[in-house]
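Visitor: Data file structure.pdb (PDB, C-alpha atoms, pLDDT in the B column) is appended below.
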ATOM      1  CA  MET R   1       7.749  13.153  -0.198  1.00 81.00           C
ATOM      2  CA  ILE R   2       8.139   9.384  -0.572  1.00 86.00           C
ATOM      3  CA  ALA R   3      11.544   8.630   0.945  1.00 82.00           C
ATOM      4  CA  SER R   4      11.850   5.072  -0.352  1.00 78.00           C
ATOM      5  CA  ALA R   5       9.682   3.449  -2.972  1.00 73.00           C
ATOM      6  CA  PRO R   6       7.715   0.433  -1.797  1.00 77.00           C
ATOM      7  CA  VAL R   7       8.490  -2.880  -3.492  1.00 87.00           C
ATOM      8  CA  ASN R   8       6.119  -5.360  -5.092  1.00 93.00           C
ATOM      9  CA  GLN R   9       5.069  -8.209  -2.828  1.00 94.00           C
ATOM     10  CA  ALA R  10       4.001 -11.845  -3.121  1.00 95.00           C
ATOM     11  CA  VAL R  11       2.143 -13.684  -0.370  1.00 96.00           C
ATOM     12  CA  LEU R  12       0.755 -17.182   0.058  1.00 95.00           C
ATOM     13  CA  GLU R  13      -3.040 -17.289   0.346  1.00 95.00           C
ATOM     14  CA  GLY R  14      -3.981 -17.202   4.037  1.00 95.00           C
ATOM     15  CA  GLY R  15      -0.711 -15.502   4.969  1.00 96.00           C
ATOM     16  CA  ASN R  16       0.003 -12.052   6.353  1.00 97.00           C
ATOM     17  CA  LEU R  17       1.308  -9.068   4.426  1.00 96.00           C
ATOM     18  CA  THR R  18       2.710  -5.672   5.383  1.00 95.00           C
ATOM     19  CA  LEU R  19       3.154  -2.839   2.888  1.00 95.00           C
ATOM     20  CA  HIS R  20       5.406   0.129   3.686  1.00 93.00           C
ATOM     21  CA  CYS R  21       5.464   3.631   2.235  1.00 92.00           C
ATOM     22  CA  ASN R  22       8.171   5.617   4.003  1.00 91.00           C
ATOM     23  CA  VAL R  23       7.658   9.375   3.772  1.00 92.00           C
ATOM     24  CA  THR R  24       9.423  12.556   4.816  1.00 91.00           C
ATOM     25  CA  GLY R  25       8.348  16.169   4.835  1.00 89.00           C
ATOM     26  CA  ASN R  26       7.567  19.191   6.921  1.00 89.00           C
ATOM     27  CA  PRO R  27       4.806  19.217   7.895  1.00 90.00           C
ATOM     28  CA  THR R  28       4.691  15.408   8.040  1.00 89.00           C
ATOM     29  CA  PRO R  29       2.668  14.091   5.085  1.00 93.00           C
ATOM     30  CA  ASN R  30      -0.541  12.138   5.514  1.00 95.00           C
ATOM     31  CA  VAL R  31      -0.433   8.683   3.905  1.00 96.00           C
ATOM     32  CA  THR R  32      -3.472   6.896   2.491  1.00 96.00           C
ATOM     33  CA  TRP R  33      -3.788   3.496   0.798  1.00 97.00           C
ATOM     34  CA  THR R  34      -6.201   2.625  -2.021  1.00 97.00           C
ATOM     35  CA  LYS R  35      -6.439  -0.382  -4.355  1.00 97.00           C
ATOM     36  CA  ASP R  36      -6.632  -0.499  -8.159  1.00 96.00           C
ATOM     37  CA  ALA R  37      -8.941   2.213  -9.571  1.00 88.00           C
ATOM     38  CA  ASP R  38     -11.095   2.395  -6.420  1.00 94.00           C
ATOM     39  CA  GLN R  39     -10.672   5.689  -4.535  1.00 92.00           C
ATOM     40  CA  THR R  40     -11.973   4.212  -1.261  1.00 96.00           C
ATOM     41  CA  VAL R  41      -9.319   4.691   1.428  1.00 97.00           C
ATOM     42  CA  LEU R  42      -8.383   1.289   2.872  1.00 97.00           C
ATOM     43  CA  HIS R  43      -5.932   2.533   5.492  1.00 97.00           C
ATOM     44  CA  ARG R  44      -4.206   5.671   6.760  1.00 97.00           C
ATOM     45  CA  GLY R  45      -0.555   5.525   7.804  1.00 95.00           C
ATOM     46  CA  GLU R  46       2.855   4.548   6.428  1.00 94.00           C
ATOM     47  CA  THR R  47       2.370   0.839   7.170  1.00 95.00           C
ATOM     48  CA  TYR R  48      -0.612  -1.177   5.919  1.00 96.00           C
ATOM     49  CA  SER R  49      -0.904  -4.693   7.362  1.00 96.00           C
ATOM     50  CA  MET R  50      -3.275  -7.431   6.211  1.00 96.00           C
ATOM     51  CA  THR R  51      -3.930 -10.810   7.798  1.00 97.00           C
ATOM     52  CA  ASP R  52      -5.390 -13.981   6.265  1.00 97.00           C
ATOM     53  CA  VAL R  53      -4.828 -12.600   2.746  1.00 97.00           C
ATOM     54  CA  GLN R  54      -7.190 -14.061   0.136  1.00 95.00           C
ATOM     55  CA  ARG R  55      -6.993 -14.178  -3.686  1.00 94.00           C
ATOM     56  CA  GLN R  56      -9.136 -11.070  -4.148  1.00 95.00           C
ATOM     57  CA  ALA R  57      -6.449  -9.054  -2.329  1.00 96.00           C
ATOM     58  CA  ALA R  58      -4.204  -9.340  -5.411  1.00 97.00           C
ATOM     59  CA  GLY R  59      -3.814  -6.098  -7.335  1.00 97.00           C
ATOM     60  CA  ASP R  60      -2.154  -2.708  -7.314  1.00 97.00           C
ATOM     61  CA  TYR R  61      -2.068  -0.814  -4.015  1.00 97.00           C
ATOM     62  CA  ILE R  62      -1.475   2.921  -4.211  1.00 96.00           C
ATOM     63  CA  CYS R  63       0.263   4.820  -1.433  1.00 95.00           C
ATOM     64  CA  THR R  64      -0.643   8.518  -1.668  1.00 95.00           C
ATOM     65  CA  THR R  65       1.168  11.159   0.390  1.00 95.00           C
ATOM     66  CA  TRP R  66       0.360  14.820   0.861  1.00 93.00           C
ATOM     67  CA  ASN R  67       1.138  17.379   3.529  1.00 92.00           C
ATOM     68  CA  GLY R  68      -1.109  20.181   2.284  1.00 88.00           C
ATOM     69  CA  MET R  69       1.710  21.827   0.370  1.00 87.00           C
ATOM     70  CA  GLY R  70       2.844  21.161  -3.166  1.00 82.00           C
ATOM     71  CA  VAL R  71       1.496  18.174  -5.046  1.00 87.00           C
ATOM     72  CA  GLN R  72       0.450  14.714  -3.941  1.00 92.00           C
ATOM     73  CA  GLU R  73       2.873  11.859  -4.584  1.00 94.00           C
ATOM     74  CA  ASN R  74       1.843   8.298  -5.407  1.00 94.00           C
ATOM     75  CA  ALA R  75       3.658   4.978  -5.390  1.00 95.00           C
ATOM     76  CA  THR R  76       2.156   1.728  -6.634  1.00 95.00           C
ATOM     77  CA  ILE R  77       2.855  -1.684  -5.112  1.00 95.00           C
ATOM     78  CA  THR R  78       1.690  -4.791  -6.972  1.00 97.00           C
ATOM     79  CA  VAL R  79       0.565  -7.634  -4.715  1.00 97.00           C
ATOM     80  CA  ASP R  80       0.452 -11.198  -6.043  1.00 97.00           C
ATOM     81  CA  VAL R  81      -1.408 -13.825  -4.010  1.00 97.00           C
ATOM     82  CA  HIS R  82      -0.194 -17.369  -4.574  1.00 95.00           C
ATOM     83  CA  CYS R  83      -2.930 -19.953  -4.123  1.00 89.00           C
ATOM     84  CA  LYS R  84      -2.478 -22.895  -1.793  1.00 77.00           C
ATOM     85  CA  ILE R  85      -2.521 -26.305  -3.407  1.00 78.00           C
ATOM     86  CA  SER R  86      -4.929 -28.626  -1.616  1.00 66.00           C
TER      87      SER R  86
END
Once more with this new file: its structure as structure tokens, please.
Guide:
Amino acid sequence: MIASAPVNQAVLEGGNLTLHCNVTGNPTPNVTWTKDADQTVLHRGETYSMTDVQRQAAGDYICTTWNGMGVQENATITVDVHCKIS
């Protein structure tokens, strides 16, 4: 179960970003991160950190939790990347 919903984030291009998806459950749920409609798993774990964030990182990140029992839960975090002005 998702204990606290992640919040949307904004980051300056070239900056660092950390997304959190806090979960509870017994057994402890697995957490995976995907982006937009792509089902490719980007990261496993409650915390997903990115460094040197570029414009193409903008989008919706989906935190999916499941512990093998019941149904999967999803939370979506929108990431906006603000471009540097040269």
Visitor: Measure the distance from atom CA of Thr32 of chain R to atom CA of Val81 of chain R in Å and round it to one decimal.
Guide: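 Atom CA of Thr32 of chain R sits 21.8 Å away from atom CA of Val81 of chain R.
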Visitor: One decimal, in Å: what's the spacing between atom CA of Glu46 of chain R and atom CA of Gly70 of chain R?
Guide: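 Distance reported for this atom pair: 19.2 Å.
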Visitor: Tell me which residues the PyMOL selection byres ((chain R and resi 57) around 10) grabs here, as a ChimeraX atom specification.
Guide: /R:11,13,35,50,52-56,58-61,79-81
Visitor: Excluding Val41 of chain R and residues on its chain fewer than 5 positions from it, collect all residues at most 12 Å away from it, counting all atoms listed in the file, and give them as a list in words.
Guide: Val31, Thr32, Trp33, Thr34, Lys35, Asp36, Tyr48, Tyr61, Ile62, Cys63 and Thr64 of chain R
Visitor: The selected residues should be written to file as a short mmCIF file (atom, residue, chain, number, x, y, z; two decimals), in the coordinates of the input (atoms: C-alpha atoms).
Guide:
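What ended up in selection-v5.cif:
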data_model
loop_
_atom_site.label_atom_id
_atom_site.label_comp_id
_atom_site.auth_asym_id
_atom_site.auth_seq_id
_atom_site.Cartn_x
_atom_site.Cartn_y
_atom_site.Cartn_z
CA VAL R 31 -0.43 8.68 3.90
CA THR R 32 -3.47 6.90 2.49
CA TRP R 33 -3.79 3.50 0.80
CA THR R 34 -6.20 2.62 -2.02
CA LYS R 35 -6.44 -0.38 -4.36
CA ASP R 36 -6.63 -0.50 -8.16
CA TYR R 48 -0.61 -1.18 5.92
CA TYR R 61 -2.07 -0.81 -4.01
CA ILE R 62 -1.48 2.92 -4.21
CA CYS R 63 0.26 4.82 -1.43
CA THR R 64 -0.64 8.52 -1.67
#
Visitor: Taking the file as shown, what set of residues would the PyMOL selection byres ((chain R and resi 85) around 12) give back, as number ranges by chain?
Guide: R: 12-14, 82-84, 86
Visitor: When you draw a straight line from atom CA of Asn16 of chain R to atom CA of Ala3 of chain R, how long is it in Å?
Guide: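 These atoms are spaced 24.3 Å apart.
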Visitor: When distances are computed from all atoms listed in the file, which of R:Ile77, R:Val23, R:Ala37, R:Met69 shows the smallest separation from Pro6 of chain R?
Guide: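 For Pro6 of chain R, the nearest of the given residues is R:Ile77.
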Visitor: Could you write out as a PyMOL selection string the residues that the PyMOL selection byres ((chain R and resi 68) around 9) matches in the shown file?
Guide: chain R and resi 27+29-30+66-67+69-72
Visitor: Can you work out which one of R:Thr40, R:Asn74, R:Thr65, R:Thr51 has the shortest atom-to-atom distance to Leu17 of chain R, counting all atoms listed in the file?
Guide: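 Residue with the minimum atom-to-atom distance to Leu17 of chain R: R:Thr51.
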Visitor: Which one of R:Ile2, R:His43, R:Ser49, R:Thr28 sits closest to Gly15 of chain R if you count all atoms listed in the file?
Guide: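 Once distances to Gly15 of chain R are computed over all atoms listed in the file, the minimum belongs to R:Ser49.
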Visitor: Select, from R:Thr47, R:Thr18, R:Asn8, R:Thr24, the residue with the minimum atom-to-atom distance to Glu73 of chain R, counting all atoms listed in the file.
Guide: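 Looking at the shortest contact to Glu73 of chain R, the residue is R:Thr24.
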Visitor: Give the answer as one residue: which of R:Ala5, R:Asp38, R:Ala10, R:Arg44 has the shortest atom-to-atom distance to Thr76 of chain R, using only C-alpha atoms?
Guide: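 Checking each of R:Ala5, R:Asp38, R:Ala10, R:Arg44 against Thr76 of chain R, counting only C-alpha atoms, the winner is R:Ala5.
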